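Asks: CSV, C-alpha atoms, saved as coords-v5.csv, coming up:
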chain,number,residue,atom,x,y,z
A,111,MET,CA,-5.3,-7.1,4.3
A,112,ASN,CA,-2.3,-6.3,6.4
A,113,HIS,CA,-1.6,-3.0,8.0
A,114,VAL,CA,0.5,-1.6,5.1
A,115,GLU,CA,-1.9,-2.7,2.4
A,116,ARG,CA,-4.8,-1.2,4.3
A,117,PHE,CA,-3.1,2.2,4.7
A,118,LYS,CA,-2.1,2.4,1.1
A,119,ALA,CA,-5.6,1.4,0.0
A,120,VAL,CA,-7.2,4.2,2.1
A,121,VAL,CA,-4.7,6.8,0.9
A,122,ASP,CA,-5.5,5.8,-2.7
A,123,GLY,CA,-9.3,5.8,-2.2
A,124,ARG,CA,-9.6,2.0,-2.8
A,125,PRO,CA,-11.8,-0.4,-0.8
A,126,VAL,CA,-10.6,-1.9,2.4
A,127,ASP,CA,-11.7,-4.7,4.7
A,128,ARG,CA,-11.9,-2.1,7.5
A,129,LEU,CA,-10.4,1.3,8.1
A,130,PRO,CA,-7.1,1.5,10.0
A,131,MET,CA,-7.5,1.8,13.8
A,132,VAL,CA,-4.8,4.3,15.0
A,133,GLU,CA,-4.0,6.7,17.8
A,134,TRP,CA,-1.7,8.9,15.8
A,135,ALA,CA,-0.2,10.8,18.8
A,136,VAL,CA,1.2,9.2,21.9
A,137,TRP,CA,-0.8,9.4,25.1
A,138,TRP,CA,-0.3,12.2,27.6
A,139,ASP,CA,1.6,11.3,30.7
A,140,GLU,CA,-1.3,12.5,32.8
A,141,THR,CA,-3.6,10.1,31.0
A,142,MET,CA,-1.2,7.3,31.5
A,143,THR,CA,-0.9,8.1,35.2
A,144,ARG,CA,-4.6,7.9,35.6
A,145,TRP,CA,-4.9,4.7,33.7
A,146,ARG,CA,-2.2,3.1,35.8
A,147,GLY,CA,-4.2,4.0,38.9
A,148,GLU,CA,-7.3,2.3,37.3
A,149,GLY,CA,-5.5,-1.0,36.6
A,150,LEU,CA,-3.6,-0.6,33.3
A,151,PRO,CA,-0.7,-3.1,33.7
A,152,GLU,CA,2.9,-2.3,33.5
A,153,PHE,CA,4.6,-3.7,30.3
A,154,ASP,CA,7.9,-5.4,29.7
A,155,ASN,CA,9.3,-3.6,26.6
A,156,SER,CA,12.7,-5.2,26.7
A,157,LEU,CA,12.0,-7.4,23.7
A,158,HIS,CA,10.2,-4.8,21.5
A,159,PRO,CA,12.1,-3.6,18.5
A,160,ALA,CA,13.2,0.0,18.9
A,161,GLY,CA,10.9,0.3,21.8
A,162,VAL,CA,12.2,3.6,23.0
A,163,SER,CA,13.2,5.3,19.8
A,164,GLY,CA,12.0,8.6,18.4
A,165,VAL,CA,8.8,9.9,19.8
A,166,ALA,CA,8.4,6.6,21.6
A,167,ASN,CA,10.7,8.2,24.2
A,168,TYR,CA,7.6,10.1,25.4
A,169,CYS,CA,5.6,6.9,25.7
A,170,PRO,CA,7.9,3.8,25.9
A,171,ASP,CA,4.9,1.6,26.3
A,172,ARG,CA,3.5,2.6,22.9
A,173,TYR,CA,4.1,-0.8,21.3
A,174,SER,CA,2.5,-2.7,24.2
A,175,LEU,CA,-0.4,-0.3,24.4
A,176,CYS,CA,-1.3,-0.8,20.7
A,177,ASN,CA,-1.4,-4.5,21.4
A,178,HIS,CA,-3.3,-4.1,24.6
A,179,PHE,CA,-6.0,-1.8,23.2
A,180,GLY,CA,-6.3,-3.5,19.8
A,181,LEU,CA,-4.9,-0.6,17.8
A,182,ASP,CA,-3.0,-1.1,14.6
A,183,PRO,CA,0.7,-0.6,15.2
A,184,TYR,CA,1.7,2.7,13.6
A,185,PHE,CA,5.1,3.9,14.8
A,186,GLN,CA,6.7,7.3,14.4
A,187,TYR,CA,10.2,8.5,14.4
A,188,TRP,CA,10.7,12.3,14.9
A,189,PHE,CA,13.8,13.8,13.2
A,190,ASP,CA,14.7,16.9,15.3
A,191,SER,CA,16.6,19.5,13.2
A,192,ARG,CA,18.3,20.5,16.5
A,193,GLY,CA,21.0,18.3,17.9
A,194,PRO,CA,21.2,17.4,21.6
A,195,GLU,CA,23.8,20.1,22.3
A,196,CYS,CA,21.7,22.9,20.8
A,197,PRO,CA,21.0,25.7,23.3
A,198,HIS,CA,17.5,25.7,24.8
A,199,PRO,CA,15.3,28.8,25.2
A,200,GLU,CA,15.0,30.1,28.7
A,201,SER,CA,11.3,29.6,28.7
A,202,HIS,CA,8.7,27.8,26.5
A,203,GLY,CA,8.5,29.5,23.2
A,204,GLY,CA,11.5,31.7,23.8
A,205,ALA,CA,14.2,32.6,21.4
A,206,ILE,CA,17.7,31.1,20.9
A,207,ILE,CA,18.7,33.3,17.9
A,208,SER,CA,17.8,36.9,16.8
A,209,ASP,CA,20.1,37.4,13.8
A,210,GLU,CA,22.5,35.7,11.4
A,211,ALA,CA,25.4,35.8,13.8
A,212,ASP,CA,23.4,33.9,16.3
A,213,TYR,CA,22.5,31.3,13.6
A,214,GLU,CA,26.1,30.9,12.7
A,215,ARG,CA,26.9,30.4,16.4
A,216,ILE,CA,24.4,27.6,16.9
A,217,LYS,CA,24.6,26.0,13.5
A,218,PRO,CA,27.2,23.4,14.5
A,219,HIS,CA,24.5,22.0,16.9
A,220,LEU,CA,21.9,21.8,14.1
A,221,TYR,CA,21.1,19.1,11.5
A,222,PRO,CA,22.6,16.2,13.5
A,223,PRO,CA,23.7,12.9,12.0
A,224,ILE,CA,21.1,10.2,11.9
A,225,ASP,CA,23.3,7.1,12.4
A,226,GLN,CA,21.6,6.1,15.7
A,227,ALA,CA,18.2,6.9,14.4
A,228,LEU,CA,18.8,4.6,11.5
A,229,GLU,CA,19.7,1.7,13.8
A,230,ASP,CA,16.5,2.4,15.8
A,231,ILE,CA,14.4,2.5,12.7
A,232,ARG,CA,15.6,-0.7,11.1
A,233,PRO,CA,13.4,-3.1,13.1
A,234,TRP,CA,10.3,-1.1,12.3
A,235,ALA,CA,11.2,-1.0,8.6
A,236,GLU,CA,11.5,-4.7,8.7
A,237,ARG,CA,8.2,-5.1,10.4
A,238,GLN,CA,6.7,-2.8,7.7
A,239,ARG,CA,8.1,-4.9,4.9
A,240,ASN,CA,6.5,-7.9,6.5
A,241,GLY,CA,3.1,-6.1,6.8
A,242,GLU,CA,3.2,-6.4,10.6
A,243,SER,CA,3.2,-2.7,11.3
A,244,LEU,CA,3.4,0.7,9.6
A,245,PHE,CA,6.3,3.1,10.1
A,246,TRP,CA,6.2,6.9,9.6
A,247,ILE,CA,8.5,9.9,10.2
A,248,SER,CA,8.0,13.5,11.3
A,249,VAL,CA,10.3,16.3,10.1
A,250,GLU,CA,10.3,19.9,11.4
A,251,GLY,CA,8.7,22.0,8.7
A,252,PHE,CA,9.3,25.5,7.3
A,253,PHE,CA,7.0,27.3,9.8
A,254,TRP,CA,7.8,25.1,12.8
A,255,PHE,CA,11.6,25.0,12.6
A,256,PRO,CA,12.3,28.7,12.3
A,257,ARG,CA,9.9,29.3,15.2
A,258,THR,CA,12.0,27.0,17.4
A,259,LEU,CA,15.0,29.2,16.8
A,260,PHE,CA,13.5,32.7,16.8
A,261,GLY,CA,10.8,32.0,19.4
A,262,ILE,CA,7.1,32.2,19.0
A,263,GLU,CA,6.7,36.0,19.0
A,264,ASP,CA,10.0,37.0,17.3
A,265,HIS,CA,9.4,34.4,14.6
A,266,MET,CA,6.3,36.3,13.4
A,267,MET,CA,8.4,39.5,13.2
A,268,ALA,CA,11.2,37.7,11.4
A,269,PHE,CA,9.1,37.4,8.2
A,270,TYR,CA,9.7,41.2,8.0
A,271,ASP,CA,12.9,41.8,10.0
A,272,GLU,CA,15.0,38.7,8.9
A,273,PRO,CA,13.5,37.5,5.6
A,274,GLU,CA,16.8,36.3,4.1
A,275,LEU,CA,17.8,34.5,7.3
A,276,MET,CA,14.4,32.8,7.3
A,277,LYS,CA,15.0,31.6,3.8
A,278,ARG,CA,18.5,30.5,4.6
A,279,ILE,CA,17.3,28.4,7.6
A,280,ASN,CA,14.6,26.8,5.5
A,281,GLN,CA,17.0,26.0,2.7
A,282,ASP,CA,19.5,24.4,5.2
A,283,ASN,CA,16.5,22.4,6.6
A,284,VAL,CA,15.5,21.3,3.1
A,285,ASP,CA,19.0,20.0,2.5
A,286,TYR,CA,18.9,18.1,5.9
A,287,MET,CA,15.5,16.6,5.0
A,288,ILE,CA,16.6,15.4,1.7
A,289,SER,CA,19.8,13.8,3.2
A,290,ILE,CA,17.5,12.0,5.7
A,291,LEU,CA,15.3,10.7,2.9
A,292,ARG,CA,18.3,9.5,0.8
A,293,THR,CA,19.9,7.8,3.8
A,294,LEU,CA,16.7,6.0,4.6
A,295,ALA,CA,16.3,4.9,1.0
A,296,ASP,CA,19.9,3.6,0.8
A,297,ALA,CA,19.2,1.6,4.0
A,298,ASP,CA,15.9,0.2,2.7
A,299,CYS,CA,14.1,1.9,5.6
A,300,LEU,CA,11.6,4.1,3.9
A,301,PRO,CA,8.5,5.1,5.9
A,302,ALA,CA,5.0,4.8,4.5
A,303,PHE,CA,4.3,8.5,5.1
A,304,ALA,CA,6.1,11.6,6.3
A,305,VAL,CA,4.6,14.4,8.3
A,306,PHE,CA,5.8,18.0,8.2
A,307,ALA,CA,5.3,19.3,11.8
A,308,GLU,CA,4.1,22.9,11.3
A,309,ASP,CA,1.3,24.0,13.7
A,310,MET,CA,0.7,27.0,11.6
A,311,SER,CA,-3.0,27.6,12.2
A,312,TYR,CA,-5.1,28.5,15.3
A,313,ASN,CA,-8.8,28.3,15.9
A,314,ASN,CA,-9.6,31.1,13.4
A,315,GLY,CA,-7.3,29.9,10.6
A,316,PRO,CA,-3.7,30.3,9.3
A,317,MET,CA,-1.2,32.3,11.2
A,318,LEU,CA,0.4,33.6,8.0
A,319,SER,CA,-1.0,34.9,4.7
A,320,GLU,CA,-1.0,33.0,1.4
A,321,ASP,CA,1.6,35.4,0.1
A,322,HIS,CA,3.9,34.6,3.0
A,323,PHE,CA,3.3,30.9,2.5
A,324,ASP,CA,4.2,31.3,-1.2
A,325,GLU,CA,7.4,33.2,-0.4
A,326,PHE,CA,8.7,31.5,2.7
A,327,MET,CA,7.4,28.0,2.6
A,328,ALA,CA,6.3,26.8,-0.8
A,329,PRO,CA,9.7,26.9,-2.5
A,330,TYR,CA,11.1,24.5,0.2
A,331,TYR,CA,8.1,22.1,0.0
A,332,ARG,CA,8.6,22.0,-3.7
A,333,GLN,CA,12.2,20.7,-3.3
A,334,VAL,CA,11.4,18.0,-0.7
A,335,ILE,CA,8.0,16.7,-1.8
A,336,PRO,CA,9.2,15.4,-5.2
A,337,VAL,CA,11.8,13.4,-3.4
A,338,MET,CA,9.2,11.9,-1.2
A,339,GLU,CA,6.9,11.1,-4.1
A,340,GLU,CA,9.9,9.5,-6.0
A,341,LEU,CA,10.4,7.2,-3.0
A,342,GLY,CA,6.8,6.4,-2.5
A,343,ILE,CA,6.3,8.4,0.7
A,344,VAL,CA,3.0,10.1,1.2
A,345,PRO,CA,3.6,13.8,2.3
A,346,ILE,CA,1.3,15.0,5.1
A,347,VAL,CA,1.1,18.2,7.2
A,348,ASP,CA,0.5,18.2,10.9
A,349,SER,CA,-1.0,21.5,12.1
A,350,ASP,CA,-3.2,22.3,15.0
A,351,GLY,CA,-6.1,24.7,14.6
A,352,ASP,CA,-8.3,25.2,11.5
A,353,ILE,CA,-6.3,24.3,8.4
A,354,THR,CA,-9.3,24.3,6.1
A,355,LYS,CA,-8.3,27.6,4.3
A,356,MET,CA,-4.8,26.3,3.8
A,357,ILE,CA,-5.7,23.1,2.0
A,358,PRO,CA,-5.5,24.7,-1.5
A,359,TRP,CA,-2.1,26.2,-0.5
A,360,LEU,CA,-0.9,22.8,0.6
A,361,GLN,CA,-2.2,21.0,-2.5
A,362,LYS,CA,-0.4,23.3,-4.9
A,363,VAL,CA,3.0,22.3,-3.4
A,364,GLY,CA,2.2,18.6,-3.5
A,365,ILE,CA,1.0,18.0,0.1
A,366,ARG,CA,-1.4,15.1,0.0
A,367,GLY,CA,-3.1,15.2,3.4
A,368,ALA,CA,-3.3,16.7,6.9
A,369,LEU,CA,-3.9,15.8,10.5
A,370,PRO,CA,-5.3,16.1,13.2
A,371,LEU,CA,-8.3,18.2,12.1
A,372,GLU,CA,-9.2,19.7,15.5
A,373,PHE,CA,-12.9,19.7,16.1
A,374,GLN,CA,-12.7,22.5,18.7
A,375,ALA,CA,-11.2,24.8,16.0
A,376,GLY,CA,-14.3,24.2,13.8
A,377,VAL,CA,-12.8,21.7,11.4
A,378,ASP,CA,-15.3,19.3,9.8
A,379,ALA,CA,-13.9,16.3,8.0
A,380,ASN,CA,-17.2,15.8,6.0
A,381,ALA,CA,-16.9,19.4,4.7
A,382,ILE,CA,-13.3,18.9,3.8
A,383,ARG,CA,-14.1,15.7,1.9
A,384,GLU,CA,-16.9,17.4,0.0
A,385,ALA,CA,-14.6,20.3,-1.0
A,386,TYR,CA,-11.4,18.4,-1.5
A,387,PRO,CA,-12.2,14.8,-2.5
A,388,GLU,CA,-8.6,13.7,-3.2
A,389,PHE,CA,-7.1,15.1,0.1
A,390,VAL,CA,-6.1,12.6,2.7
A,391,ILE,CA,-7.3,13.4,6.2
A,392,LEU,CA,-6.7,11.8,9.6
A,393,GLY,CA,-8.2,12.6,12.9
A,394,ASN,CA,-11.3,14.9,13.7
A,395,PHE,CA,-12.8,12.6,16.4
A,396,ASN,CA,-13.8,15.2,19.1
A,397,LYS,CA,-11.7,14.0,22.0
A,398,LEU,CA,-13.8,16.0,24.5
A,399,VAL,CA,-16.9,13.7,24.0
A,400,MET,CA,-15.0,10.7,25.3
A,401,GLU,CA,-15.5,11.4,29.0
A,402,HIS,CA,-19.3,11.6,28.5
A,403,GLY,CA,-19.7,7.9,27.8
A,404,GLU,CA,-20.8,5.6,25.1
A,405,GLU,CA,-23.8,7.5,23.8
A,406,ALA,CA,-21.8,10.6,23.1
A,407,MET,CA,-19.0,8.6,21.5
A,408,ARG,CA,-21.4,6.7,19.3
A,409,ALA,CA,-22.9,10.0,18.2
A,410,GLU,CA,-19.5,11.3,17.3
A,411,PHE,CA,-18.7,8.2,15.2
A,412,GLU,CA,-22.1,8.6,13.5
A,413,ARG,CA,-21.1,12.2,12.6
A,414,LEU,CA,-17.9,10.9,11.0
A,415,LEU,CA,-19.4,7.8,9.3
A,416,PRO,CA,-20.1,9.5,6.0
A,417,VAL,CA,-16.5,10.6,5.5
A,418,MET,CA,-15.3,7.3,6.8
A,419,ARG,CA,-17.2,5.6,4.0
A,420,ASN,CA,-16.0,8.1,1.3
A,421,GLY,CA,-12.4,7.1,1.5
A,422,ARG,CA,-9.0,8.8,2.1
A,423,PHE,CA,-9.9,9.3,5.8
A,424,ILE,CA,-8.6,7.6,8.9
A,425,PRO,CA,-10.5,8.4,12.1
A,426,SER,CA,-8.5,9.2,15.2
A,427,CYS,CA,-8.7,11.5,18.2
A,428,ASP,CA,-8.2,15.0,17.0
A,429,HIS,CA,-5.3,15.2,19.4
A,430,GLN,CA,-4.1,13.2,22.4
A,431,THR,CA,-6.6,11.4,24.6
A,432,PRO,CA,-7.1,13.8,27.6
A,433,PRO,CA,-6.7,12.7,31.2
A,434,ALA,CA,-10.4,13.3,31.9
A,435,VAL,CA,-11.0,10.0,30.0
A,436,SER,CA,-11.1,6.9,32.2
A,437,LEU,CA,-9.6,3.6,31.2
A,438,GLU,CA,-13.1,2.1,31.0
A,439,GLN,CA,-14.2,4.9,28.7
A,440,TYR,CA,-11.2,4.4,26.5
A,441,GLY,CA,-12.1,0.8,26.2
A,442,ILE,CA,-15.6,1.8,25.1
A,443,TYR,CA,-14.0,4.1,22.5
A,444,MET,CA,-11.9,1.3,21.1
A,445,ARG,CA,-14.9,-1.0,20.9
A,446,LEU,CA,-16.8,1.6,19.0
A,447,MET,CA,-13.7,2.4,16.8
A,448,GLU,CA,-13.6,-1.2,15.7
A,449,GLU,CA,-17.4,-1.3,15.1
A,450,TYR,CA,-17.4,1.8,12.9
A,451,CYS,CA,-14.2,1.0,11.0
A,452,LEU,CA,-15.8,-2.2,10.0
A,453,LYS,CA,-19.1,-0.6,9.3
A,454,ALA,CA,-17.5,2.1,7.1
A,455,ALA,CA,-15.9,-0.6,4.9
A,456,GLY,CA,-19.0,-2.7,4.6
So, in terms of structure tokens, how does the structure I just supplied come out?
Replies:
Amino acid sequence: MNHVERFKAVVDGRPVDRLPMVEWAVWWDETMTRWRGEGLPEFDNSLHPAGVSGVANYCPDRYSLCNHFGLDPYFQYWFDSRGPECPHPESHGGAIISDEADYERIKPHLYPPIDQALEDIRPWAERQRNGESLFWISVEGFFWFPRTLFGIEDHMMAFYDEPELMKRINQDNVDYMISILRTLADADCLPAFAVFAEDMSYNNGPMLSEDHFDEFMAPYYRQVIPVMEELGIVPIVDSDGDITKMIPWLQKVGIRGALPLEFQAGVDANAIREAYPEFVILGNFNKLVMEHGEEAMRAEFERLLPVMRNGRFIPSCDHQTPPAVSLEQYGIYMRLMEEYCLKAAG
């Protein structure tokens, strides 16, 4: 099976020759700095298609690193709903708007054209058509995007103080997402799956109630997801924290899966599979065991083996590989990853 066939089979719950071997998020720069000091070579990326596009900007060696470590080449393009000229907050999580007048002021810098993105994506789309790699996109979801505008704290108050503006922002973002999808379809550059960046949970569960989800998010998912399904794109949500309670909320609007299933937040992929057999899940390998060596990593793969065998699951670090992990330890992780991805399919 090639990479695309393997992914589609896992999502549909069909047998595979082995599970996909992916690192869904790019590596931390601190991790890369450590590995360079431990002998990881420098790579020449000049010939790699779209080698510095989208999220690859944060890790321009991603293509070469996948080859080096034996990972399947899964490549991401992040569509930022804020253009390059959009004002930035004064501090992390700060606000750039507080009311509708502010939104009108910055709106010319939102929802940027995607011409350059399309050119960057074309080579990956071609590689996907040939089965050589898999290409996916991230879009900024209906919890995430308003938060980037209102700021972390004021965003929570905006559900009560600026409800109509919240809805206007999300409708504008829906229109932008659909225009992206239609443009990709017209260019024959459709991704295999699309991720709504949300980060709407923490270690004790969702940051909003189901009622707020139904009012402020569900109507917008219900406009975008049918377009994705029409185009054959699998819709997935990316949220840190414990998303377990939210899974029924997500399913009722058509979301088919979630990542990264953070172990430290108490998420258990086996329990999710038992409760929601059709839900696609990716991640849940406890990244904090990696620095403790082969025995600890093998025990973690043994924990995940039942859900790996049950389908609709792709194992991966439950977030980015931390800098406490040595290059040698990561090599052990990859050896075990291959062993268990084959074992799960056997």
Asks: Can you work out which one of A:Glu115, A:Glu148, A:Glu320, A:Asp127 has the shortest atom-to-atom distance to A:Asn240, counting all atoms listed in the file?
Replies: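 Checking each candidate against A:Asn240, we get A:Glu115 as the closest.
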Asks: Which polymer residues have any atom within 10 Å of an atom of A:Tyr386, counting all atoms listed in the file, with same-chain residues fewer than 4 positions away left out, as a PDB file with C-alpha atoms, keeping the file's coordinate frame?
Replies:
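Generated output (out.pdb):
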ATOM      1  CA  THR A 354      -9.300  24.300   6.100  1.00  0.00           C
ATOM      2  CA  ILE A 357      -5.700  23.100   2.000  1.00  0.00           C
ATOM      3  CA  PRO A 358      -5.500  24.700  -1.500  1.00  0.00           C
ATOM      4  CA  GLN A 361      -2.200  21.000  -2.500  1.00  0.00           C
ATOM      5  CA  ASN A 380     -17.200  15.800   6.000  1.00  0.00           C
ATOM      6  CA  ALA A 381     -16.900  19.400   4.700  1.00  0.00           C
ATOM      7  CA  ILE A 382     -13.300  18.900   3.800  1.00  0.00           C
ATOM      8  CA  VAL A 390      -6.100  12.600   2.700  1.00  0.00           C
TER       9      VAL A 390
END
Asks: Can you measure atom CA of A:Asp190 to atom CA of A:Gly367 for me? One decimal in Å is fine.
Replies: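 Computing it gives 21.5 Å between the two atoms.
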Asks: Between A:His113, A:Arg192, A:His202, A:Arg144, which residue has the minimum interatomic distance to A:Leu220, considering only C-alpha atoms?
Replies: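 For A:Leu220, the nearest of the given residues is A:Arg192.
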Asks: Quick one, how far is atom CA of A:Val249 from atom CA of A:Trp188?
Replies: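 Computing the Euclidean distance for atom CA of A:Val249 and atom CA of A:Trp188 yields 6.3 Å.
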Asks: I'd like the contact shell of A:Lys453 - 10 Å cut-off, all atoms listed in the file, skipping same-chain residues fewer than 6 positions apart - returned as a VMD selection string.
Replies: chain A and resid 127 to 129 415 418 to 419 447
Asks: Within 8 Å of (-0.8, 4.1, 9.6), only C-alpha atoms: residues as a compact mmCIF listing (two decimals) with C-alpha atoms, keeping the file's coordinate frame?
Replies:
# COMPACT_ATOMS: atom_id res chain seq x y z
CA HIS A 113 -1.60 -3.00 8.00
CA VAL A 114 0.50 -1.60 5.10
CA PHE A 117 -3.10 2.20 4.70
CA PRO A 130 -7.10 1.50 10.00
CA VAL A 132 -4.80 4.30 15.00
CA TRP A 134 -1.70 8.90 15.80
CA ASP A 182 -3.00 -1.10 14.60
CA PRO A 183 0.70 -0.60 15.20
CA TYR A 184 1.70 2.70 13.60
CA PHE A 185 5.10 3.90 14.80
CA LEU A 244 3.40 0.70 9.60
CA PHE A 245 6.30 3.10 10.10
CA TRP A 246 6.20 6.90 9.60
CA ALA A 302 5.00 4.80 4.50
Asks: Do you have the atom CA of A:Arg215-atom CA of A:Met317 distance handy?
Replies: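 Atom CA of A:Arg215 sits 28.6 Å away from atom CA of A:Met317.
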Asks: Using all atoms listed in the file, which protein or nucleic acid residues come within 8 Å of stretch 270-284 of chain A? Drop anything in the same chain fewer than 2 positions from it, and give the result as a PyMOL selection string.
Replies: chain A and resi 191+209-210+221+252+255-256+267-268+286-288+326-327+330+333-334
Asks: Rank nothing, just name the residue among A:Pro416, A:Pro432, A:Arg124, A:Phe411 nearest to A:Lys397, using only C-alpha atoms.
Replies: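 That would be A:Pro432, the residue with the smallest distance to A:Lys397.
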Asks: Tell me which protein, DNA and RNA residues are within 10 Å of A:Glu410, counting all atoms listed in the file, leaving out same-chain ones fewer than 3 positions away, and put them as a PDB file with C-alpha atoms, in the coordinates of the input.
Replies:
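Below is the file part.pdb, written as the result:
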ATOM      1  CA  ASN A 394     -11.300  14.900  13.700  1.00  0.00           C
ATOM      2  CA  PHE A 395     -12.800  12.600  16.400  1.00  0.00           C
ATOM      3  CA  ASN A 396     -13.800  15.200  19.100  1.00  0.00           C
ATOM      4  CA  LYS A 397     -11.700  14.000  22.000  1.00  0.00           C
ATOM      5  CA  VAL A 399     -16.900  13.700  24.000  1.00  0.00           C
ATOM      6  CA  MET A 400     -15.000  10.700  25.300  1.00  0.00           C
ATOM      7  CA  GLU A 404     -20.800   5.600  25.100  1.00  0.00           C
ATOM      8  CA  GLU A 405     -23.800   7.500  23.800  1.00  0.00           C
ATOM      9  CA  ALA A 406     -21.800  10.600  23.100  1.00  0.00           C
ATOM     10  CA  MET A 407     -19.000   8.600  21.500  1.00  0.00           C
ATOM     11  CA  ARG A 413     -21.100  12.200  12.600  1.00  0.00           C
ATOM     12  CA  LEU A 414     -17.900  10.900  11.000  1.00  0.00           C
ATOM     13  CA  LEU A 415     -19.400   7.800   9.300  1.00  0.00           C
TER      14      LEU A 415
END
Asks: Which residues, written as a list in words, have at least one atom at most 12 Å from A:Glu438, with only C-alpha atoms counted and residues fewer than 3 positions away on the same chain left out?
Replies: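 Surrounding residues, per the criterion: Arg144, Trp145, Arg146, Glu148, Gly149, Leu150, Phe179, Met400, Glu401, His402, Gly403, Glu404, Ala434, Val435, Gly441, Ile442, Tyr443, Met444 and Arg445 of chain A.
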Asks: Measuring atom to atom with all atoms listed in the file, identify which of A:Lys362, A:Arg172, A:Arg408, A:His219 is nearest to A:Glu449.
Replies: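 Answer, going by the shortest atom-to-atom distance: A:Arg408.
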Asks: Using the partial input, fill out stretch 128-146 of chain A with N, CA and C atoms; write the result as a tab-separated table (two decimals), in the coordinates of the input.
Replies:
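Resulting contents of rebuild08.tsv:
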chain	number	residue	atom	x	y	z
A	128	ARG	N	-11.45	-3.08	6.46
A	128	ARG	CA	-11.90	-2.10	7.50
A	128	ARG	C	-10.89	-0.97	7.46
A	129	LEU	N	-11.29	0.14	8.05
A	129	LEU	CA	-10.40	1.30	8.10
A	129	LEU	C	-9.30	1.01	9.17
A	130	PRO	N	-8.13	1.63	9.01
A	130	PRO	CA	-7.10	1.50	10.00
A	130	PRO	C	-7.62	2.06	11.38
A	131	MET	N	-7.15	1.43	12.45
A	131	MET	CA	-7.50	1.80	13.80
A	131	MET	C	-6.23	2.36	14.48
A	132	VAL	N	-6.10	3.68	14.57
A	132	VAL	CA	-4.80	4.30	15.00
A	132	VAL	C	-5.07	5.33	16.07
A	133	GLU	N	-4.08	5.50	16.92
A	133	GLU	CA	-4.00	6.70	17.80
A	133	GLU	C	-2.70	7.35	17.32
A	134	TRP	N	-2.87	8.40	16.51
A	134	TRP	CA	-1.70	8.90	15.80
A	134	TRP	C	-0.69	9.59	16.71
A	135	ALA	N	-1.14	10.13	17.85
A	135	ALA	CA	-0.20	10.80	18.80
A	135	ALA	C	-0.11	9.90	20.05
A	136	VAL	N	1.05	9.96	20.69
A	136	VAL	CA	1.20	9.20	21.90
A	136	VAL	C	0.35	9.77	23.03
A	137	TRP	N	0.07	8.95	24.03
A	137	TRP	CA	-0.80	9.40	25.10
A	137	TRP	C	-0.13	10.32	26.06
A	138	TRP	N	-0.89	11.28	26.59
A	138	TRP	CA	-0.30	12.20	27.60
A	138	TRP	C	0.11	11.44	28.82
A	139	ASP	N	1.17	11.94	29.47
A	139	ASP	CA	1.60	11.30	30.70
A	139	ASP	C	0.57	11.34	31.78
A	140	GLU	N	-0.21	12.44	31.84
A	140	GLU	CA	-1.30	12.50	32.80
A	140	GLU	C	-2.35	11.46	32.60
A	141	THR	N	-2.63	11.19	31.33
A	141	THR	CA	-3.60	10.10	31.00
A	141	THR	C	-3.07	8.78	31.42
A	142	MET	N	-1.80	8.53	31.14
A	142	MET	CA	-1.20	7.30	31.50
A	142	MET	C	-1.19	7.07	33.03
A	143	THR	N	-0.89	8.15	33.76
A	143	THR	CA	-0.90	8.10	35.20
A	143	THR	C	-2.26	7.69	35.75
A	144	ARG	N	-3.28	8.29	35.19
A	144	ARG	CA	-4.60	7.90	35.60
A	144	ARG	C	-4.94	6.48	35.32
A	145	TRP	N	-4.62	6.03	34.12
A	145	TRP	CA	-4.90	4.70	33.70
A	145	TRP	C	-4.16	3.64	34.57
A	146	ARG	N	-2.93	3.97	34.93
A	146	ARG	CA	-2.20	3.10	35.80
A	146	ARG	C	-2.92	2.90	37.15
